[in-house]
Each structure stands twice: as C-alpha cells, then as structure tokens.
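File shown: coords.cif. Contents: mmCIF, C-alpha atoms.
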data_model
loop_
_atom_site.label_atom_id
_atom_site.label_comp_id
_atom_site.auth_asym_id
_atom_site.auth_seq_id
_atom_site.Cartn_x
_atom_site.Cartn_y
_atom_site.Cartn_z
CA MET A 1 0.00 0.00 0.00
CA PHE A 2 2.75 2.47 0.96
CA LYS A 3 4.63 1.65 -2.25
CA VAL A 4 1.60 2.61 -4.32
CA LEU A 5 1.01 5.75 -2.27
CA ARG A 6 4.66 6.76 -2.64
CA ARG A 7 4.33 6.45 -6.42
CA ILE A 8 1.07 8.33 -6.86
CA LEU A 9 1.55 11.06 -4.24
CA PRO A 10 3.89 13.17 -6.45
CA LEU A 11 1.40 12.90 -9.32
CA LEU A 12 -1.50 13.96 -7.11
CA LEU A 13 0.44 16.90 -5.69
CA THR A 14 1.42 18.00 -9.19
CA CYS A 15 -2.23 17.95 -10.24
CA LEU A 16 -3.25 19.95 -7.17
CA ALA A 17 -0.50 22.49 -7.81
CA LEU A 18 -1.64 22.91 -11.42
CA LEU A 19 -5.26 23.33 -10.40
CA GLY A 20 -4.89 25.55 -7.39
CA GLY A 21 -1.24 26.41 -6.89
CA PRO A 22 1.10 25.37 -4.09
CA ALA A 23 -1.24 26.59 -1.38
CA ALA A 24 -3.92 24.14 -2.54
CA ALA A 25 -1.43 21.28 -2.53
CA ARG A 26 -0.35 22.15 1.03
CA GLU A 27 -3.94 21.92 2.25
CA PHE A 28 -3.82 18.15 1.80
CA LEU A 29 -0.44 17.54 3.42
CA PRO A 30 0.19 16.90 7.11
CA PRO A 31 1.54 19.94 9.01
CA GLY A 32 5.26 20.38 8.44
CA PHE A 33 5.41 17.94 5.49
CA GLY A 34 8.34 18.84 3.26
CA GLU A 35 9.01 21.97 5.28
CA ALA A 36 12.61 23.16 5.50
CA THR A 37 13.81 23.75 9.04
CA LEU A 38 16.69 25.53 10.71
CA ALA A 39 18.01 25.06 14.24
CA ILE A 40 17.98 28.25 16.32
CA ALA A 41 21.67 27.64 17.03
CA ASP A 42 22.31 27.86 13.26
CA LEU A 43 20.78 31.32 12.90
CA PRO A 44 23.29 34.10 12.31
CA PRO A 45 24.11 35.99 15.54
CA GLU A 46 21.92 38.90 14.39
CA GLY A 47 19.01 36.47 13.98
CA ARG A 48 19.41 35.15 17.52
CA GLN A 49 19.52 38.76 18.76
CA THR A 50 16.26 39.56 16.92
CA LEU A 51 14.67 36.39 18.34
CA THR A 52 15.63 37.52 21.86
CA LEU A 53 14.02 40.93 21.21
CA ILE A 54 10.84 39.21 19.99
CA HIS A 55 10.63 37.12 23.16
CA ARG A 56 11.18 40.26 25.28
CA GLY A 57 8.59 42.26 23.35
CA GLY A 58 11.13 44.80 22.07
CA PRO A 59 12.27 47.48 21.78
CA PHE A 60 12.90 46.96 18.07
CA PRO A 61 15.38 48.96 16.01
CA TYR A 62 13.22 49.37 12.89
CA PRO A 63 9.76 51.00 12.69
CA LYS A 64 8.39 48.16 10.52
CA ASP A 65 9.38 45.47 13.04
CA GLY A 66 6.24 43.81 14.34
CA SER A 67 4.14 44.84 11.35
CA THR A 68 1.80 42.40 9.64
CA PHE A 69 3.39 40.08 7.11
CA GLY A 70 0.82 39.49 4.37
CA ASN A 71 2.09 36.13 3.02
CA PHE A 72 0.83 37.26 -0.40
CA GLU A 73 2.98 34.71 -2.24
CA LYS A 74 1.48 31.97 -0.04
CA ARG A 75 4.84 30.43 0.77
CA LEU A 76 3.84 29.95 4.40
CA PRO A 77 0.79 28.00 5.60
CA LEU A 78 -2.41 29.92 4.93
CA LYS A 79 -3.69 31.78 7.98
CA ALA A 80 -5.97 34.73 8.64
CA ARG A 81 -4.53 38.18 7.95
CA GLY A 82 -2.65 39.44 10.98
CA TYR A 83 -1.45 35.98 12.04
CA TYR A 84 2.09 36.62 10.73
CA ARG A 85 4.41 39.42 11.89
CA GLU A 86 7.80 40.35 10.43
CA TYR A 87 11.02 41.45 12.11
CA THR A 88 14.28 42.63 10.59
CA VAL A 89 17.45 40.59 11.06
CA ASP A 90 20.34 43.04 10.69
CA THR A 91 22.66 42.42 7.76
CA PRO A 92 26.18 43.68 8.50
CA GLY A 93 27.30 46.20 5.89
CA ALA A 94 23.80 46.74 4.44
CA ARG A 95 22.70 50.36 4.02
CA ASN A 96 19.04 49.40 4.42
CA ARG A 97 17.12 46.69 6.25
CA GLY A 98 18.68 44.01 4.05
CA ALA A 99 16.99 40.78 2.99
CA ARG A 100 16.92 38.84 6.25
CA ARG A 101 13.75 38.56 8.33
CA LEU A 102 12.16 36.54 11.09
CA ILE A 103 8.45 35.90 10.65
CA THR A 104 6.35 34.91 13.64
CA GLY A 105 2.97 33.25 13.61
CA GLY A 106 0.37 33.65 16.32
CA GLN A 107 -0.09 36.01 19.21
CA PRO A 108 1.87 35.21 21.33
CA PRO A 109 4.18 33.70 18.69
CA GLU A 110 3.85 29.94 18.35
CA VAL A 111 5.88 29.43 15.18
CA PHE A 112 8.96 31.18 13.76
CA TYR A 113 10.32 31.29 10.20
CA TYR A 114 13.61 32.67 8.88
CA THR A 115 14.25 34.05 5.41
CA ASP A 116 17.60 35.31 4.16
CA ASP A 117 16.45 36.01 0.60
CA HIS A 118 13.68 38.58 1.16
CA TYR A 119 10.71 36.19 1.34
CA ARG A 120 11.62 33.90 -1.58
CA SER A 121 12.12 30.95 0.79
CA PHE A 122 11.49 30.22 4.44
CA ARG A 123 12.84 27.80 7.02
CA ARG A 124 10.87 27.00 10.14
CA LEU A 125 12.92 27.41 13.30
CA ARG A 126 13.39 24.44 15.60
CA ASP A 127 15.15 24.11 18.95
#
Could you show the structure in this file as structure tokens?
Amino acid sequence: MFKVLRRILPLLLTCLALLGGPAAAREFLPPGFGEATLAIADLPPEGRQTLTLIHRGGPFPYPKDGSTFGNFEKRLPLKARGYYREYTVDTPGARNRGARRLITGGQPPEVFYYTDDHYRSFRRLRD
C-alpha cells in the first residue's frame, strides 16, 4: 500500500498544484510535510539577537518590526490576515534593512520562520 502511495503522491500533488497552486497542494499535506527547518543555534548571531528581542517584546530597532506580514505569495501555511508578523534581522554592511527577516505566527508567537532572501524561501525554526 505504501509503495503505491509513494508512487502516486507526487502525481496527485502535481495535479493539485496545477489546479490551485502550491497553497492548494499544502492543504492536503500533514503539518510540516516537506518543510525546510533551521536550528535556532544555526541562525546568524543577528538572527538570535532579533529572536531575543521578539521574546522580550522589544524594543525593536526598525519602525516596521512587528508589522503584519501578508504572506501574499502563499509560501507559508495559509492563515488569517494578521497571524504573521515580520522582524528585521540586521545584515552587517547593508545600508538598508537588508533581505533577512524573522516571521512569527500567532499572538503570542507559536511558530517562527527565517528568510535570508527577502521572502523567496522560508525555514521553520526548531530548537
């Protein structure tokens, strides 16, 4: 049975993606399936510093820190607007906020994601 399922699952997911995009395909997968992860210890030092500020409730160095992250590209699990918040992870040498962010989900935060390519990909943080 599992052999058959392993063979047809990629085909089914491809069909779902074609019909409704990646978000539709994710609706039928168990939570965390195929999700990239990153250990907190493997965050850059600036990321761990931002995570500490999030747990403390601030103060944050950038005015946009704590603002709603819209998830418009639907690269994170679909949730109601306002569920996700974004925080800047300093990039040494950058003249602006750079491309690195931590995204939290829930209030208080129950899930954390890291992106180092300005929202093109995300990795869920794990202990």
As an exercise, work out the distance from atom CA of A:Thr50 to atom CA of A:Asp90 in Å and give it to one decimal place.
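Here the two named atoms are 8.2 Å from each other.
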Between A:Ala41, A:Ile103, A:Val111, A:Leu125, which residue has the minimum interatomic distance to A:Phe69, considering only C-alpha atoms?
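Closest to A:Phe69 of all the choices is A:Ile103.
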Spell out the residues picked by the PyMOL selection byres ((chain A and resi 84) around 6) here, as a PyMOL selection string.
chain A and resi 68-69+82-83+85+104-105
Between atom CA of A:Ala94 and atom CA of A:Ser67 - distance in Å to one decimal
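That distance, rounded to one decimal, is 20.9 Å.
Closest to A:Gln49 among A:Ser121, A:Thr115, A:Asn96, A:Thr88 is A:Thr88, based on all atoms listed in the file.
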Which residues would end up in the selection if the PyMOL selection byres ((chain A and resi 44) around 12) were applied here, given that I need the answer as a list in words?
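Listing what the PyMOL selection byres ((chain A and resi 44) around 12) selects in the shown file: Leu38, Ala39, Ile40, Ala41, Asp42, Leu43, Pro45, Glu46, Gly47, Arg48, Gln49, Thr50, Leu51, Val89, Asp90, Thr91, Pro92, Arg100, Arg101, Leu102, Tyr114, Thr115 and Asp116 of chain A.
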Name the closest residue to A:Gly70 among the candidates A:Glu86, A:Arg56, A:Arg126, A:Gly98; distances are taken between atoms, counting all atoms listed in the file.
A:Glu86
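Minimum atom-to-atom distance to A:Arg75, evaluated using only C-alpha atoms, belongs to A:Arg124 out of A:Tyr62, A:Arg124, A:Ala99, A:Thr52.
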Computed gap from atom CA of A:Arg123 to atom CA of A:Ala36 is 4.9 Å
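The closest residue to A:His55, picked from A:Glu73, A:Lys79, A:Phe112, A:Asp117 and counting only C-alpha atoms, is A:Phe112.
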Let me make sure I understand: among A:Phe122, A:Asp127, A:Arg97, A:Leu76, which one has the smallest atom-to-atom distance to A:Lys64 if we use all atoms listed in the file?
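Under the stated criterion, the closest residue is A:Arg97.
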